[in-house]
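Novice: Structure in structure tokens, see below.
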Amino acid sequence: MEEVKELKSLKKRLANLSSIIKVNEIINSTLNLKELLATIMEISQEVMRVEAASLMLKDEKTGELIYEVALGEKGEEIKERFRLKKGQGIAGWVAEKEKPLLVPDVRENPRFDNRIDQATGFKTRSILAVPMKVKGKLIGVLEAINPLKEPFGEEEIELFTTFANQAGIAIENARLHQFLLDKQRVEEELRIARLIQKNILPKKYPIVKGTEFWARNIPAEGISGDFYDFIELSPEEIGIVIGDICGKGIPAALSMAKTIGDFRVVASLHNRVASLPEKLSRTMTTMNNILAEGSTLGLFATLIYSVLNTKKGTLTYVNAGHPLPLIRHQTAEIELLNGKKGLPLGIFSGLSFEEEEIKLKEGDLLLLYTDGLVEARGKEGRRFSTEILYKLVKEGPNDAAGLGEEIVQKIKLLSLGKPPSDDLTVVTIKVNKL
Amino acid sequence: MKIEERREKDVVIVDLSGEVDFYNSSKVREKFINLVKQKRKAILINLGEVTYIDSSGLATLIELMQKLNGYGGKLKLTGLNQSVRNIFEVSKLIDVFSIYEEEEEALKTYNR
């Protein structure tokens with residue numbers, strides 16, 4: 001009699017083992033997470049010979065269990081409607097203790113949470129819940145509900161536990177695959193965003209007799225919150241904008257795209273109705289209000305708007321919290337444009353701005369930059385200091401493109417080929433003849 | 001980076017430490033948004049142990065200030081070391097925030 005029982009048990013185990021092997025093949029045949037979860041559920045129902053099955057995955061952030069899939073008639077209703085806190089209900093207990101739990105009759109178990117039954121009209125009688133672990137880490141809980149024939153026994157616990165762990169590995173593989181796909185997609189989107197952004201920046205330099213222009217933008221995160229623009233206000237007036245949306249990555253890049261567009265419109269509007277120097281301060285006042293009123297995430301902009309008048313030989317500028325531009329005179333003497341500095345744009349609305357005007361001399365070489373330049377961190381946190389910059393400007397090439405290229409090269413050397421920690425923009429202008 | 005919260009009567013003091021940058025400023029923001037949800041009117045940020053703050057960190061502070069101003073709250077800063085102070089000075093943010101050398105001195109000003 002005993003032998004017959006043993007043989008029966010052995011046969012059952014063998015059948016279970018072969019179903020596990022079969023199951024393994026099926027669940028490893030897809031890397032699509034949604035498909036996989038549904039497959040796991042279907043197989044659970046089949047292999048365990050139960051009325052319904054449910055799968056909960058652990059939310060890494062909150063530690064709660066979330067119903068991913070519940071099969072059987074009421075599956076759709078249960079799906080994603082219920083969350084279980086750590087230790088809550090039968091599944092919560094299993095997640096906390098990381099041990100299987102067999103509840104032959106839920107009426108006799110105070111842990112049983114009947115909310116789902118109440119919501120769906122399903123009648124749970126018996127549950128076998130097992131933890132799903134991958135590399136010793138709990139990722140979820142599987143439940144087999146209401147056996148169709150014999151009640152759950154030791155063999156079922158063993159079978160379901162083995163199955164849950166196989167399923168767990170398949171889920172982790174699918175998640176990793178999904179993560180890599182997402183990463184690839186994000187990288188591709190960033191590449192396109194960078195292209196769009198490159199197109200927003202001016203594609204060519206203004207053509208003014210006797211004056212050279214040069215500009216370069218190097219983003220830190222593939223896309224940048226920095227920008228520059230040249231706006232031809234009249235045959236003898238060139239508007240030069242350099243700005244830095246504080247913040248990095250996508251939020252800063254989106255704000256940059258809007259700001260540069262708005263700036264072009266606002267500057268041309270004021271250009272039509274006002275003359276120098278008021279058109280500068282008025283443009284800045286309007287831009288500040290636009291930015292402050294639409295402010296999100298505290299993003300603000302430091303910006304310099306300047307107008308080069310080649311006829312009068314002047315540079316008029318308004319500085320809103322931006323690093324000071326430099327001029328190298330023909331004599332190699334360096335002058336800082338340290339006129340009045342206003343607050344950055346976009347923090348408080350209703351501010352007014354003051355212009356400054358300087359007289360330019362033939363041979364002057366003007367350098368405008370964003371703070372990525374002096375923030376650029378080299379080896380052991382060494383930064384590209386203003387001192388190094390002054391030295392470069394003083395001793396570097398005496399033409400707009402030459403000086404610009406030299407500065408960019410030096411930064412690359414200093415940061416040892418790594419991408420800069422902050423967006424970096426350099427604009428150089430050389431006035432050869434007035 | 002670490003974020004810790006203390007209370008001094010009605011003033012919520014948030015101690016930040018380490019580098020506040022693009023990668024972790026969202027954690028700081030989460031903390032701030034929580035305080036704003038509770039409609040905290042007096043918030044003092046202690047930057048004493050902050051070694052570096054980048055533009056994303058600055059934007060997070062600006063956002064908190066704008067939100068507080070929106071319901072009559074007051075944001076104050078204290079404990080800026082020289083390199084952090086330089087970052088505030090370059091961008092003129094030194095004039096945007098109420099900044100105090102000492103925590104005690106800042107705390108006194110909330111009662112006025």
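A note on labels: chains of the structure tokens are A, B, ... as shown, every chain counts residues from 1, and ligands are counted from 1 in their shown order.
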At most 8 Å is the cut-off: for each residue in chain B with any atom that close to an atom of chain A, write down the nearest atom pair and the distance in Å rounded to one decimal, counting only C-alpha atoms, chain first then increasing number, as a tab-separated table.
Specialist:
residue	atom	partner	partner_atom	distance
B:Phe22	CA	A:Lys248	CA	6.5
B:Asp54	CA	A:Gly247	CA	7.8
B:Ser55	CA	A:Cys246	CA	4.8
B:Ser56	CA	A:Gly247	CA	3.9
B:Gly57	CA	A:Gly247	CA	7.6
B:Leu58	CA	A:Cys246	CA	7.5
B:Ala59	CA	A:Gly298	CA	4.6
B:Thr60	CA	A:Gly298	CA	5.8
B:Leu61	CA	A:Gly298	CA	7.3
B:Ile62	CA	A:Gly298	CA	5.0
B:Glu63	CA	A:Gly298	CA	3.7
B:Leu64	CA	A:Gly298	CA	7.5
B:Gln66	CA	A:Gly298	CA	7.5
B:Val90	CA	A:Pro323	CA	6.3
B:Ser91	CA	A:Gly321	CA	4.4
B:Lys92	CA	A:Gly321	CA	5.1
B:Leu93	CA	A:Leu343	CA	7.1
B:Asp95	CA	A:Leu343	CA	7.6
B:Val96	CA	A:Leu343	CA	7.5
Novice: Using the chain letters and numbers from this document, which residues of stretch 5-92 of chain B does DSSP assign to helix (DSSP H, G or I), as JSON, numbers by chain?
Specialist: {"B": [25, 26, 27, 28, 29, 30, 31, 32, 33, 34, 35, 36, 37, 55, 56, 57, 58, 59, 60, 61, 62, 63, 64, 65, 66, 67, 68, 69, 70, 82, 83, 84, 85, 86, 87, 88, 89, 90]}
Novice: Create the file for the chosen residues now, containing N, CA and C atoms and written as a JSON list (two decimals), in the first residue's frame.
Specialist:
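After the write, selection-v1.json holds the following:
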[["chain", "number", "residue", "atom", "x", "y", "z"],
["B", 25, "SER", "N", 19.20, 66.68, -8.09],
["B", 25, "SER", "CA", 18.36, 67.80, -7.68],
["B", 25, "SER", "C", 16.88, 67.43, -7.67],
["B", 26, "SER", "N", 16.51, 66.34, -8.38],
["B", 26, "SER", "CA", 15.10, 65.94, -8.34],
["B", 26, "SER", "C", 14.71, 65.43, -6.95],
["B", 27, "LYS", "N", 15.69, 64.88, -6.23],
["B", 27, "LYS", "CA", 15.40, 64.43, -4.85],
["B", 27, "LYS", "C", 15.15, 65.64, -3.95],
["B", 28, "VAL", "N", 15.97, 66.68, -4.17],
["B", 28, "VAL", "CA", 15.81, 67.91, -3.40],
["B", 28, "VAL", "C", 14.44, 68.51, -3.72],
["B", 29, "ARG", "N", 14.09, 68.46, -5.01],
["B", 29, "ARG", "CA", 12.83, 69.04, -5.46],
["B", 29, "ARG", "C", 11.65, 68.30, -4.81],
["B", 30, "GLU", "N", 11.75, 66.98, -4.75],
["B", 30, "GLU", "CA", 10.70, 66.16, -4.13],
["B", 30, "GLU", "C", 10.46, 66.63, -2.69],
["B", 31, "LYS", "N", 11.55, 66.85, -1.97],
["B", 31, "LYS", "CA", 11.48, 67.31, -0.58],
["B", 31, "LYS", "C", 10.78, 68.67, -0.52],
["B", 32, "PHE", "N", 11.21, 69.57, -1.40],
["B", 32, "PHE", "CA", 10.66, 70.93, -1.41],
["B", 32, "PHE", "C", 9.17, 70.92, -1.74],
["B", 33, "ILE", "N", 8.80, 70.12, -2.75],
["B", 33, "ILE", "CA", 7.39, 70.06, -3.17],
["B", 33, "ILE", "C", 6.52, 69.58, -2.01],
["B", 34, "ASN", "N", 7.08, 68.66, -1.23],
["B", 34, "ASN", "CA", 6.37, 68.16, -0.04],
["B", 34, "ASN", "C", 6.10, 69.28, 0.95],
["B", 35, "LEU", "N", 7.12, 70.11, 1.18],
["B", 35, "LEU", "CA", 6.97, 71.23, 2.12],
["B", 35, "LEU", "C", 5.94, 72.24, 1.59],
["B", 36, "VAL", "N", 5.95, 72.44, 0.27],
["B", 36, "VAL", "CA", 5.01, 73.38, -0.35],
["B", 36, "VAL", "C", 3.59, 72.85, -0.21],
["B", 37, "LYS", "N", 3.44, 71.52, -0.38],
["B", 37, "LYS", "CA", 2.11, 70.90, -0.24],
["B", 37, "LYS", "C", 1.55, 71.12, 1.16],
["B", 55, "SER", "N", 23.56, 74.46, -12.01],
["B", 55, "SER", "CA", 22.41, 75.28, -12.38],
["B", 55, "SER", "C", 21.08, 74.57, -12.12],
["B", 56, "SER", "N", 21.06, 73.24, -12.18],
["B", 56, "SER", "CA", 19.82, 72.52, -11.88],
["B", 56, "SER", "C", 19.47, 72.69, -10.40],
["B", 57, "GLY", "N", 20.49, 72.67, -9.56],
["B", 57, "GLY", "CA", 20.29, 72.88, -8.12],
["B", 57, "GLY", "C", 19.77, 74.28, -7.86],
["B", 58, "LEU", "N", 20.35, 75.26, -8.56],
["B", 58, "LEU", "CA", 19.91, 76.65, -8.40],
["B", 58, "LEU", "C", 18.45, 76.80, -8.81],
["B", 59, "ALA", "N", 18.09, 76.16, -9.96],
["B", 59, "ALA", "CA", 16.72, 76.24, -10.45],
["B", 59, "ALA", "C", 15.74, 75.66, -9.42],
["B", 60, "THR", "N", 16.17, 74.60, -8.74],
["B", 60, "THR", "CA", 15.31, 73.98, -7.72],
["B", 60, "THR", "C", 15.04, 74.97, -6.58],
["B", 61, "LEU", "N", 16.07, 75.72, -6.19],
["B", 61, "LEU", "CA", 15.90, 76.73, -5.14],
["B", 61, "LEU", "C", 14.98, 77.86, -5.61],
["B", 62, "ILE", "N", 15.18, 78.26, -6.88],
["B", 62, "ILE", "CA", 14.34, 79.35, -7.44],
["B", 62, "ILE", "C", 12.88, 78.90, -7.45],
["B", 63, "GLU", "N", 12.65, 77.65, -7.86],
["B", 63, "GLU", "CA", 11.28, 77.15, -7.93],
["B", 63, "GLU", "C", 10.63, 77.18, -6.55],
["B", 64, "LEU", "N", 11.39, 76.75, -5.53],
["B", 64, "LEU", "CA", 10.85, 76.75, -4.17],
["B", 64, "LEU", "C", 10.50, 78.18, -3.75],
["B", 65, "MET", "N", 11.40, 79.11, -4.06],
["B", 65, "MET", "CA", 11.16, 80.50, -3.68],
["B", 65, "MET", "C", 9.91, 81.05, -4.37],
["B", 66, "GLN", "N", 9.78, 80.75, -5.68],
["B", 66, "GLN", "CA", 8.61, 81.25, -6.43],
["B", 66, "GLN", "C", 7.32, 80.67, -5.83],
["B", 67, "LYS", "N", 7.35, 79.40, -5.48],
["B", 67, "LYS", "CA", 6.15, 78.75, -4.93],
["B", 67, "LYS", "C", 5.81, 79.34, -3.56],
["B", 68, "LEU", "N", 6.84, 79.56, -2.74],
["B", 68, "LEU", "CA", 6.61, 80.14, -1.41],
["B", 68, "LEU", "C", 6.06, 81.57, -1.52],
["B", 69, "ASN", "N", 6.65, 82.33, -2.42],
["B", 69, "ASN", "CA", 6.17, 83.71, -2.62],
["B", 69, "ASN", "C", 4.69, 83.69, -3.00],
["B", 70, "GLY", "N", 4.29, 82.65, -3.72],
["B", 70, "GLY", "CA", 2.92, 82.52, -4.19],
["B", 70, "GLY", "C", 1.91, 82.46, -3.05],
["B", 82, "GLN", "N", 32.47, 79.69, 0.48],
["B", 82, "GLN", "CA", 32.94, 80.64, -0.53],
["B", 82, "GLN", "C", 32.67, 80.18, -1.95],
["B", 83, "SER", "N", 32.88, 78.89, -2.24],
["B", 83, "SER", "CA", 32.71, 78.48, -3.64],
["B", 83, "SER", "C", 31.24, 78.48, -4.04],
["B", 84, "VAL", "N", 30.36, 78.13, -3.11],
["B", 84, "VAL", "CA", 28.93, 78.18, -3.40],
["B", 84, "VAL", "C", 28.49, 79.64, -3.55],
["B", 85, "ARG", "N", 29.03, 80.48, -2.66],
["B", 85, "ARG", "CA", 28.70, 81.92, -2.72],
["B", 85, "ARG", "C", 29.11, 82.50, -4.09],
["B", 86, "ASN", "N", 30.27, 82.06, -4.59],
["B", 86, "ASN", "CA", 30.73, 82.55, -5.90],
["B", 86, "ASN", "C", 29.72, 82.22, -7.00],
["B", 87, "ILE", "N", 29.18, 81.00, -6.94],
["B", 87, "ILE", "CA", 28.21, 80.58, -7.95],
["B", 87, "ILE", "C", 26.97, 81.49, -7.89],
["B", 88, "PHE", "N", 26.55, 81.83, -6.66],
["B", 88, "PHE", "CA", 25.40, 82.73, -6.49],
["B", 88, "PHE", "C", 25.75, 84.14, -6.98],
["B", 89, "GLU", "N", 27.01, 84.55, -6.75],
["B", 89, "GLU", "CA", 27.39, 85.91, -7.12],
["B", 89, "GLU", "C", 27.47, 86.08, -8.63],
["B", 90, "VAL", "N", 28.08, 85.11, -9.31],
["B", 90, "VAL", "CA", 28.26, 85.22, -10.76],
["B", 90, "VAL", "C", 26.92, 85.42, -11.46]]
Novice: Taking into account only C-alpha atoms, which residue in the set A:Thr211, A:Thr316, A:Ser275, A:Thr370 is nearest to A:Lys433?
Specialist: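 Of the candidates, the smallest distance to A:Lys433 is held by A:Thr211.
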Novice: For stretch 9-21 of chain A, work out the shell of residues within 8 Å, counting only C-alpha atoms and skipping chain neighbours fewer than 4 positions away, then give it as a list in words.
Specialist: Lys5, Glu25, Val47, Glu155, Leu159, Thr162 and Phe163 of chain A
Novice: Counting only C-alpha atoms, what is within 8 Å of B:Gly73, bar same-chain residues fewer than 5 positions away, as a list in words?
Specialist: Arg40, Lys41, Ala42, Ile43 and Leu68 of chain B
Novice: Okay, now the selection with C-alpha atoms, as a PDB file, in the first residue's frame?
Specialist:
ATOM      1  CA  ARG B  40       5.051  75.588   5.108  1.00  0.00           C
ATOM      2  CA  LYS B  41       5.535  79.332   5.417  1.00  0.00           C
ATOM      3  CA  ALA B  42       8.993  79.531   6.948  1.00  0.00           C
ATOM      4  CA  ILE B  43      11.728  77.497   5.294  1.00  0.00           C
ATOM      5  CA  LEU B  68       6.614  80.139  -1.412  1.00  0.00           C
TER       6      LEU B  68
END
Novice: Record the distance separating atom CA of A:Leu414 and atom CA of A:Leu392, expressed in Å with one decimal.
Specialist: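 Interatomic distance, atom CA of A:Leu414 to atom CA of A:Leu392: 13.3 Å.
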